[in-house]
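The file work-v7.cif comes next; it holds mmCIF, C-alpha atoms.
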data_protein
loop_
_atom_site.label_atom_id
_atom_site.label_comp_id
_atom_site.auth_asym_id
_atom_site.auth_seq_id
_atom_site.Cartn_x
_atom_site.Cartn_y
_atom_site.Cartn_z
CA MET A 1 18.99 -48.58 -12.01
CA SER A 2 20.46 -49.35 -8.66
CA ILE A 3 21.13 -52.92 -9.74
CA THR A 4 23.10 -51.66 -12.75
CA LEU A 5 25.23 -49.50 -10.45
CA THR A 6 25.82 -52.41 -8.08
CA VAL A 7 26.95 -54.62 -10.94
CA ILE A 8 29.31 -51.93 -12.25
CA TYR A 9 30.76 -51.32 -8.77
CA PHE A 10 31.27 -55.05 -8.31
CA ALA A 11 33.04 -55.34 -11.67
CA THR A 12 35.22 -52.34 -10.76
CA GLY A 13 36.28 -54.02 -7.54
CA LEU A 14 37.02 -57.23 -9.39
CA LEU A 15 39.22 -55.48 -11.97
CA PHE A 16 41.13 -53.57 -9.27
CA THR A 17 41.71 -56.80 -7.32
CA ALA A 18 43.02 -58.56 -10.40
CA ALA A 19 45.31 -55.60 -11.21
CA ALA A 20 46.75 -55.54 -7.68
CA LEU A 21 47.31 -59.30 -7.68
CA LEU A 22 49.10 -59.15 -11.06
CA ALA A 23 51.34 -56.36 -9.77
CA VAL A 24 52.16 -58.40 -6.65
CA ALA A 25 52.94 -61.39 -8.87
CA ARG A 26 55.46 -59.29 -10.83
CA ILE A 27 57.01 -58.01 -7.56
CA VAL A 28 57.49 -61.61 -6.42
CA ARG A 29 58.84 -62.92 -9.73
CA GLY A 30 61.20 -60.07 -10.51
CA PRO A 31 63.66 -60.92 -12.05
CA SER A 32 65.49 -57.60 -11.61
CA ILE A 33 64.95 -54.90 -9.01
CA LEU A 34 63.77 -52.53 -11.76
CA ASP A 35 60.85 -54.85 -12.59
CA ARG A 36 60.00 -54.94 -8.91
CA VAL A 37 60.08 -51.17 -8.51
CA ILE A 38 57.91 -50.69 -11.61
CA ALA A 39 55.42 -53.24 -10.27
CA SER A 40 55.33 -51.59 -6.84
CA ASP A 41 54.67 -48.29 -8.58
CA VAL A 42 51.69 -49.87 -10.34
CA LEU A 43 50.51 -51.29 -7.01
CA LEU A 44 50.66 -47.82 -5.47
CA THR A 45 48.78 -46.30 -8.43
CA THR A 46 46.14 -49.01 -8.08
CA LEU A 47 45.81 -48.15 -4.40
CA LEU A 48 45.37 -44.47 -5.33
CA LEU A 49 42.60 -45.35 -7.79
CA VAL A 50 40.94 -47.69 -5.28
CA ILE A 51 40.80 -44.91 -2.68
CA GLY A 52 39.09 -42.68 -5.26
CA ALA A 53 36.67 -45.43 -6.31
CA GLU A 54 35.78 -46.13 -2.69
CA MET A 55 34.83 -42.44 -2.27
CA VAL A 56 32.44 -42.67 -5.21
CA ILE A 57 30.89 -45.94 -4.08
CA ASN A 58 30.36 -44.89 -0.44
CA HIS A 59 29.35 -41.28 -1.29
CA HIS A 60 31.90 -39.31 0.74
CA THR A 61 34.97 -37.11 0.08
CA ARG A 62 36.94 -37.59 3.28
CA THR A 63 39.98 -39.33 1.77
CA ILE A 64 40.90 -36.69 -0.81
CA PRO A 65 43.88 -35.47 1.33
CA LEU A 66 45.17 -39.05 1.35
CA MET A 67 45.06 -39.09 -2.46
CA VAL A 68 46.95 -35.78 -2.63
CA VAL A 69 49.72 -37.03 -0.33
CA LEU A 70 50.01 -40.38 -2.13
CA ALA A 71 50.20 -38.72 -5.55
CA ALA A 72 52.85 -36.28 -4.33
CA THR A 73 55.14 -38.75 -2.55
CA ALA A 74 54.81 -41.87 -4.74
CA VAL A 75 57.73 -40.71 -6.86
CA PHE A 76 60.37 -40.74 -4.09
CA GLY A 77 60.56 -44.50 -3.61
CA THR A 78 60.96 -45.13 -7.33
CA ILE A 79 63.67 -42.47 -7.71
CA ALA A 80 65.57 -43.69 -4.65
CA VAL A 81 65.72 -47.25 -5.97
CA ALA A 82 66.39 -46.33 -9.61
CA ARG A 83 69.21 -43.99 -8.59
CA TYR A 84 71.17 -46.73 -6.87
CA VAL A 85 70.60 -49.64 -9.23
CA SER A 86 74.04 -51.12 -9.79
CA LYS A 87 75.55 -52.56 -12.92
CA GLN A 88 75.55 -56.01 -11.33
CA ASP A 89 71.75 -56.04 -11.37
CA HIS A 90 71.33 -57.69 -14.75
CA PRO A 91 69.18 -60.81 -15.03
CA ALA A 92 71.16 -62.32 -17.93
CA GLN A 93 74.41 -62.17 -15.95
CA HIS A 94 72.93 -64.20 -13.12
CA GLU A 95 72.06 -67.36 -15.01
CA ASN A 96 74.75 -69.33 -13.17
CA ALA A 97 74.36 -67.65 -9.80
CA ASP A 98 75.86 -70.56 -7.83
CA GLN A 99 79.10 -70.41 -9.81
CA GLU A 100 79.25 -66.64 -9.24
CA LEU A 101 78.81 -67.10 -5.51
CA GLN A 102 81.64 -69.66 -5.39
CA ASP A 103 83.90 -67.36 -7.42
CA ALA A 104 83.08 -64.48 -5.10
CA ALA A 105 83.88 -66.65 -2.06
CA LYS A 106 87.25 -67.61 -3.61
CA ASN A 107 88.01 -63.96 -4.29
CA VAL A 108 87.22 -63.04 -0.69
CA ASP A 109 89.50 -65.83 0.57
CA ALA A 110 92.32 -64.72 -1.71
CA ARG A 111 91.91 -61.14 -0.59
CA ASP A 112 92.00 -62.21 3.07
CA ASP A 113 95.30 -64.01 2.45
CA THR A 114 96.74 -60.90 0.81
CA ILE A 115 95.62 -58.78 3.74
CA VAL A 116 97.29 -61.19 6.18
CA ASP A 117 100.52 -61.02 4.15
CA ASP A 118 100.32 -57.24 4.04
CA VAL A 119 99.86 -57.04 7.78
CA ALA A 120 102.83 -59.34 8.34
CA GLU A 121 105.04 -57.28 6.04
CA ALA A 122 103.86 -54.10 7.72
CA ALA A 123 104.75 -55.54 11.12
CA VAL A 124 108.27 -56.30 9.93
CA GLU A 125 108.69 -52.90 8.36
CA THR A 126 107.29 -50.93 11.24
CA PRO A 127 110.53 -50.48 13.27
CA GLU A 128 112.36 -48.95 10.31
CA THR A 129 109.59 -46.49 9.60
CA GLU A 130 109.50 -45.54 13.25
CA ARG A 131 113.21 -44.91 13.23
CA ALA A 132 112.77 -42.86 10.08
CA GLY A 133 110.02 -40.94 11.83
CA ASP A 134 112.32 -40.23 14.86
CA LYS A 135 114.87 -38.61 12.65
CA MET B 1 15.61 -41.84 -15.06
CA THR B 2 16.47 -38.60 -13.30
CA PHE B 3 19.47 -36.36 -13.85
CA ASP B 4 21.05 -37.67 -10.63
CA ASP B 5 20.80 -41.22 -11.93
CA ILE B 6 22.53 -40.25 -15.17
CA LEU B 7 25.38 -38.57 -13.26
CA ASP B 8 25.75 -41.67 -11.06
CA LEU B 9 25.85 -43.89 -14.12
CA ILE B 10 28.52 -41.75 -15.81
CA ALA B 11 30.58 -41.80 -12.62
CA ALA B 12 30.27 -45.59 -12.40
CA ILE B 13 31.35 -45.97 -16.02
CA CYS B 14 34.37 -43.74 -15.34
CA LEU B 15 35.23 -46.00 -12.39
CA LEU B 16 35.00 -49.04 -14.64
CA LEU B 17 37.28 -47.47 -17.25
CA GLY B 18 39.85 -46.53 -14.58
CA ALA B 19 39.77 -50.05 -13.19
CA PHE B 20 40.15 -51.46 -16.69
CA LEU B 21 43.28 -49.37 -17.30
CA SER B 22 44.64 -50.56 -13.97
CA LEU B 23 44.04 -54.15 -15.00
CA ALA B 24 45.70 -53.46 -18.36
CA ALA B 25 48.79 -52.29 -16.47
CA GLY B 26 48.76 -55.46 -14.38
CA ILE B 27 48.47 -57.71 -17.44
CA GLY B 28 51.19 -55.73 -19.23
CA LEU B 29 53.49 -56.12 -16.23
CA LEU B 30 53.09 -59.86 -16.34
CA ARG B 31 53.15 -60.36 -20.13
CA PHE B 32 55.78 -57.95 -21.43
CA PRO B 33 59.32 -59.32 -21.87
CA ASP B 34 61.65 -56.69 -20.36
CA ALA B 35 61.78 -53.82 -17.88
CA LEU B 36 61.44 -51.04 -20.46
CA SER B 37 58.29 -52.55 -22.02
CA ARG B 38 56.84 -53.08 -18.56
CA LEU B 39 57.52 -49.42 -17.85
CA HIS B 40 55.31 -48.60 -20.83
CA ALA B 41 52.49 -50.73 -19.43
CA ALA B 42 52.85 -49.24 -15.96
CA THR B 43 52.18 -45.67 -17.11
CA LYS B 44 48.65 -46.35 -18.39
CA PRO B 45 46.71 -45.95 -15.12
CA GLN B 46 49.05 -43.29 -13.75
CA VAL B 47 47.53 -40.43 -15.74
CA LEU B 48 44.50 -41.56 -17.77
CA GLY B 49 43.22 -43.95 -15.11
CA LEU B 50 43.59 -41.29 -12.44
CA LEU B 51 41.81 -38.80 -14.71
CA PHE B 52 38.83 -41.17 -14.95
CA ILE B 53 38.73 -41.72 -11.18
CA VAL B 54 39.01 -38.00 -10.42
CA THR B 55 36.16 -37.32 -12.85
CA ALA B 56 34.11 -40.03 -11.14
CA VAL B 57 34.73 -38.57 -7.66
CA ALA B 58 33.81 -35.06 -8.80
CA LEU B 59 30.64 -36.34 -10.53
CA GLY B 60 29.71 -38.44 -7.51
CA ALA B 61 30.10 -35.50 -5.13
CA ARG B 62 28.44 -33.11 -7.66
CA SER B 63 30.50 -30.13 -6.55
CA TRP B 64 33.09 -27.88 -8.17
CA SER B 65 35.00 -27.46 -4.91
CA THR B 66 35.62 -31.22 -4.81
CA LEU B 67 37.02 -31.03 -8.32
CA LEU B 68 39.23 -28.14 -7.18
CA ALA B 69 40.50 -30.25 -4.24
CA LEU B 70 41.24 -33.12 -6.62
CA LEU B 71 43.22 -31.02 -9.10
CA PRO B 72 46.43 -31.20 -6.99
CA VAL B 73 46.25 -35.01 -7.22
CA LEU B 74 46.26 -34.85 -11.01
CA LEU B 75 48.88 -32.09 -11.01
CA PHE B 76 51.30 -33.99 -8.74
CA GLN B 77 50.83 -37.20 -10.68
CA VAL B 78 51.38 -35.52 -14.06
CA LEU B 79 54.49 -33.78 -12.71
CA THR B 80 56.07 -36.77 -10.96
CA ALA B 81 55.17 -39.74 -13.18
CA PRO B 82 57.57 -38.66 -15.98
CA ILE B 83 60.37 -38.16 -13.44
CA SER B 84 60.13 -41.65 -12.01
CA ALA B 85 59.65 -43.17 -15.47
CA HIS B 86 62.74 -41.32 -16.72
CA MET B 87 64.85 -42.50 -13.77
CA VAL B 88 63.75 -46.12 -14.16
CA GLY B 89 64.26 -46.03 -17.93
CA ARG B 90 67.72 -44.53 -17.52
CA ALA B 91 68.72 -47.17 -14.98
CA GLY B 92 67.21 -49.87 -17.18
CA TYR B 93 69.22 -48.76 -20.22
CA ARG B 94 72.46 -48.39 -18.30
CA THR B 95 72.25 -51.81 -16.71
CA GLY B 96 71.35 -53.37 -20.06
CA ASN B 97 68.03 -54.44 -18.61
CA PHE B 98 66.26 -54.71 -21.95
CA ARG B 99 66.20 -57.00 -24.94
CA ARG B 100 68.19 -55.53 -27.77
CA ASP B 101 66.76 -57.97 -30.31
CA ILE B 102 63.25 -56.51 -30.04
CA LEU B 103 64.39 -52.89 -30.34
CA ILE B 104 63.50 -51.13 -33.60
CA ALA B 105 65.82 -48.17 -33.08
CA ASP B 106 68.37 -47.26 -30.40
CA GLU B 107 69.12 -43.58 -30.86
CA LEU B 108 70.73 -43.35 -27.43
CA GLU B 109 73.45 -45.80 -28.44
CA GLN B 110 74.81 -43.42 -31.10
CA ALA B 111 74.83 -40.57 -28.57
CA VAL B 112 76.65 -42.72 -26.00
CA ASP B 113 79.19 -43.88 -28.59
CA ALA B 114 79.82 -40.30 -29.74
CA ALA B 115 80.29 -39.16 -26.14
CA THR B 116 82.70 -42.06 -25.48
CA VAL B 117 84.82 -41.21 -28.54
CA GLU B 118 84.87 -37.55 -27.52
CA ALA B 119 85.92 -38.40 -23.98
CA GLU B 120 88.70 -40.72 -25.21
CA ALA B 121 89.97 -38.00 -27.55
CA ALA B 122 90.11 -35.61 -24.62
CA GLY B 123 92.15 -38.18 -22.67
CA ASP B 124 89.60 -38.71 -19.95
CA ASP B 125 89.07 -42.01 -18.19
CA VAL B 126 86.10 -43.67 -19.83
CA PRO B 127 83.97 -45.62 -17.37
CA ASP B 128 83.01 -49.06 -18.58
CA ARG B 129 79.42 -49.37 -19.70
CA GLY B 130 78.31 -52.36 -17.73
CA VAL B 131 79.94 -54.96 -19.98
CA GLY B 132 82.07 -57.40 -18.03
CA PRO B 133 83.12 -57.15 -14.41
CA SER B 134 83.91 -53.78 -12.92
CA PRO B 135 87.64 -53.11 -12.48
CA THR B 136 88.95 -54.08 -9.07
CA VAL B 137 91.01 -51.53 -7.19
#
Just give me the structure as structure tokens.
Amino acid sequence: MSITLTVIYFATGLLFTAAALLAVARIVRGPSILDRVIASDVLLTTLLLVIGAEMVINHHTRTIPLMVVLAATAVFGTIAVARYVSKQDHPAQHENADQELQDAAKNVDARDDTIVDDVAEAAVETPETERAGDK
Amino acid sequence: MTFDDILDLIAAICLLLGAFLSLAAGIGLLRFPDALSRLHAATKPQVLGLLFIVTAVALGARSWSTLLALLPVLLFQVLTAPISAHMVGRAGYRTGNFRRDILIADELEQAVDAATVEAEAAGDDVPDRGVGPSPTV
């Protein structure tokens, strides 16, 4: 009887370990932040279940408050990330990421030039506006 | 085999089922092609798996008060899991983070199109729907 229980507990631990590792693998591989947040949610759920399983295996009920808090607050991380996912976060649009980075760098350079021009023009115009302000 | 042994065995089997659902979620995360399908896989252990584990803990402790203490866990999870799944699904649809070719039906698309037409008729500015670069100011 006790051997049967030991075998079942061992198998339970093995399945939980595999589940957690698979979730971690998805967090690492991505590709988008939504996949990562879903996988981290699964990892947290697995942790919740492991805490419960550990209570059964070791015959105690001390970590029930931990389960309550985890179950109540797990939602906040997911909502916070999902709320601020931007339209740029699309895996298919990032197939040529290097090209995008170069384009972005060019854009920044061009914008810097414009800003410099604007500042120069503003410096020239400033006296007139000041005179206008005096009147 | 005493009654205690039977309860222990049922609790252990509940543990095994919960762990199996957790593993199913892990495999689904790795095997499914896009974020929305992975969301489907992720919800398996969140309610049913937790139900198994809570049953196992209550059976292992053999007390009704333990079950009463565990009810908030189930309650919170049942209340919050749909919220997070809804938010992730919404963000996934809006960012186009799914494969349209494996969809059977997209009822939301008709609703979005209808809303866009309505907004254009009213003369409002219609925000672009994630196609192409965002307009620079």
**Item:** Protein, DNA and RNA residues within 12 Å of (31.6, -39.8, -10.9), all atoms listed in the file, as a PyMOL selection string
**Value:** (chain A and resi 5+9+52-61) or (chain B and resi 4-18+51-63+66-67)
Centre and size of axis-aligned box enclosing segment 23-40 of chain B plus 4 Å each side, as JSON:
{"center_x": 52.9, "center_y": -54.5, "center_z": -18.2, "size_x": 25.7, "size_y": 19.8, "size_z": 15.6}
**Request:** Would you kindly return, as a list in words, each protein, DNA or RNA residue with an atom no farther than 7 Å from any atom of Ala41 of chain B, considering all atoms listed in the file and excluding same-chain residues fewer than 5 positions away?
**Result:** Ala25, Gly28 and Leu29 of chain B
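Within the file as shown, the PyMOL selection byres ((chain A and resi 35-48) around 6) identifies Ala20, Ala23, Ile27, Gly30, Ser32, Ile33, Leu34, Leu49, Val50 and Ile51 of chain A; Ala35 and Ala42 of chain B.
The shell of residues at most 12 Å from Arg100 of chain B, with all atoms listed in the file counted and near chain neighbours (fewer than 5 positions) removed, consists of Pro33, Asp34, Ala35, Leu36, Ser37, Tyr93, Ala105, Asp106 and Glu109 of chain B.
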Would you export the selected residues with C-alpha atoms as a PDB file, keeping the file's coordinate frame, please?
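Result written to selection-v9.pdb:
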ATOM      1  CA  PRO B  33      59.320 -59.320 -21.870  1.00  0.00           C
ATOM      2  CA  ASP B  34      61.650 -56.690 -20.360  1.00  0.00           C
ATOM      3  CA  ALA B  35      61.780 -53.820 -17.880  1.00  0.00           C
ATOM      4  CA  LEU B  36      61.440 -51.040 -20.460  1.00  0.00           C
ATOM      5  CA  SER B  37      58.290 -52.550 -22.020  1.00  0.00           C
ATOM      6  CA  TYR B  93      69.220 -48.760 -20.220  1.00  0.00           C
ATOM      7  CA  ALA B 105      65.820 -48.170 -33.080  1.00  0.00           C
ATOM      8  CA  ASP B 106      68.370 -47.260 -30.400  1.00  0.00           C
ATOM      9  CA  GLU B 109      73.450 -45.800 -28.440  1.00  0.00           C
TER      10      GLU B 109
END
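Of note, atom CA of Thr78 of chain A and atom CA of Ser84 of chain B are spaced 5.9 Å apart.
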**Separation of atom CA of Thr80 of chain B from atom CA of Pro65 of chain A, in Å and rounded to one decimal** = 17.4 Å
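Here atom CA of Arg90 of chain B is placed at a distance of 10.8 Å from atom CA of Ile79 of chain A.
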**Message:** If the PyMOL selection byres ((chain B and resi 20) around 10) were run on this exact file, what residues would it hold? Put them as number ranges by chain.
**Reply:** A: 11-12, 14-16, 18-19; B: 14-19, 21-26, 45, 49
With N, CA and C atoms as the goal, would you fill in the gaps in segment 10-38 of chain A and present it as a compact mmCIF listing (two decimals), in the coordinates of the input?
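Heads up, here's the output in out.txt:
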# COMPACT_ATOMS: atom_id res chain seq x y z
N PHE A 10 30.70 -53.73 -8.57
CA PHE A 10 31.27 -55.05 -8.31
C PHE A 10 32.36 -55.37 -9.34
N ALA A 11 32.06 -55.08 -10.62
CA ALA A 11 33.04 -55.34 -11.67
C ALA A 11 34.29 -54.49 -11.45
N THR A 12 34.09 -53.21 -11.04
CA THR A 12 35.22 -52.34 -10.76
C THR A 12 36.13 -52.95 -9.69
N GLY A 13 35.50 -53.41 -8.60
CA GLY A 13 36.28 -54.02 -7.54
C GLY A 13 37.04 -55.24 -8.01
N LEU A 14 36.40 -56.02 -8.86
CA LEU A 14 37.02 -57.23 -9.39
C LEU A 14 38.26 -56.88 -10.23
N LEU A 15 38.10 -55.88 -11.11
CA LEU A 15 39.22 -55.48 -11.97
C LEU A 15 40.38 -54.95 -11.13
N PHE A 16 40.06 -54.11 -10.12
CA PHE A 16 41.13 -53.57 -9.27
C PHE A 16 41.86 -54.70 -8.54
N THR A 17 41.09 -55.67 -8.03
CA THR A 17 41.71 -56.80 -7.32
C THR A 17 42.66 -57.55 -8.23
N ALA A 18 42.18 -57.83 -9.46
CA ALA A 18 43.02 -58.56 -10.40
C ALA A 18 44.29 -57.77 -10.70
N ALA A 19 44.15 -56.44 -10.90
CA ALA A 19 45.31 -55.60 -11.21
C ALA A 19 46.33 -55.65 -10.07
N ALA A 20 45.85 -55.52 -8.83
CA ALA A 20 46.75 -55.54 -7.68
C ALA A 20 47.46 -56.89 -7.57
N LEU A 21 46.70 -57.97 -7.79
CA LEU A 21 47.31 -59.30 -7.68
C LEU A 21 48.39 -59.50 -8.75
N LEU A 22 48.12 -59.02 -9.98
CA LEU A 22 49.10 -59.15 -11.06
C LEU A 22 50.37 -58.37 -10.72
N ALA A 23 50.17 -57.16 -10.15
CA ALA A 23 51.34 -56.36 -9.77
C ALA A 23 52.15 -57.07 -8.69
N VAL A 24 51.45 -57.66 -7.71
CA VAL A 24 52.16 -58.40 -6.65
C VAL A 24 52.91 -59.58 -7.26
N ALA A 25 52.28 -60.25 -8.23
CA ALA A 25 52.94 -61.39 -8.87
C ALA A 25 54.25 -60.94 -9.52
N ARG A 26 54.23 -59.77 -10.18
CA ARG A 26 55.46 -59.29 -10.83
C ARG A 26 56.51 -58.89 -9.77
N ILE A 27 56.06 -58.35 -8.63
CA ILE A 27 57.01 -58.01 -7.56
C ILE A 27 57.69 -59.28 -7.07
N VAL A 28 56.92 -60.36 -6.94
CA VAL A 28 57.49 -61.61 -6.42
C VAL A 28 58.44 -62.21 -7.45
N ARG A 29 58.05 -62.20 -8.73
CA ARG A 29 58.84 -62.92 -9.73
C ARG A 29 60.06 -62.16 -10.21
N GLY A 30 60.04 -60.85 -10.08
CA GLY A 30 61.20 -60.07 -10.51
C GLY A 30 61.33 -60.01 -12.01
N PRO A 31 62.44 -60.39 -12.64
CA PRO A 31 63.66 -60.92 -12.05
C PRO A 31 64.61 -59.83 -11.54
N SER A 32 64.54 -58.62 -12.07
CA SER A 32 65.49 -57.60 -11.61
C SER A 32 64.77 -56.63 -10.69
N ILE A 33 65.56 -55.82 -9.98
CA ILE A 33 64.95 -54.90 -9.01
C ILE A 33 64.16 -53.82 -9.73
N LEU A 34 64.51 -53.54 -11.01
CA LEU A 34 63.77 -52.53 -11.76
C LEU A 34 62.34 -53.00 -12.03
N ASP A 35 62.19 -54.30 -12.39
CA ASP A 35 60.85 -54.85 -12.59
C ASP A 35 60.04 -54.72 -11.31
N ARG A 36 60.71 -54.99 -10.18
CA ARG A 36 60.00 -54.94 -8.91
C ARG A 36 59.57 -53.52 -8.58
N VAL A 37 60.43 -52.55 -8.87
CA VAL A 37 60.08 -51.17 -8.51
C VAL A 37 58.98 -50.65 -9.44
N ILE A 38 58.99 -51.08 -10.70
CA ILE A 38 57.91 -50.69 -11.61
C ILE A 38 56.59 -51.29 -11.12
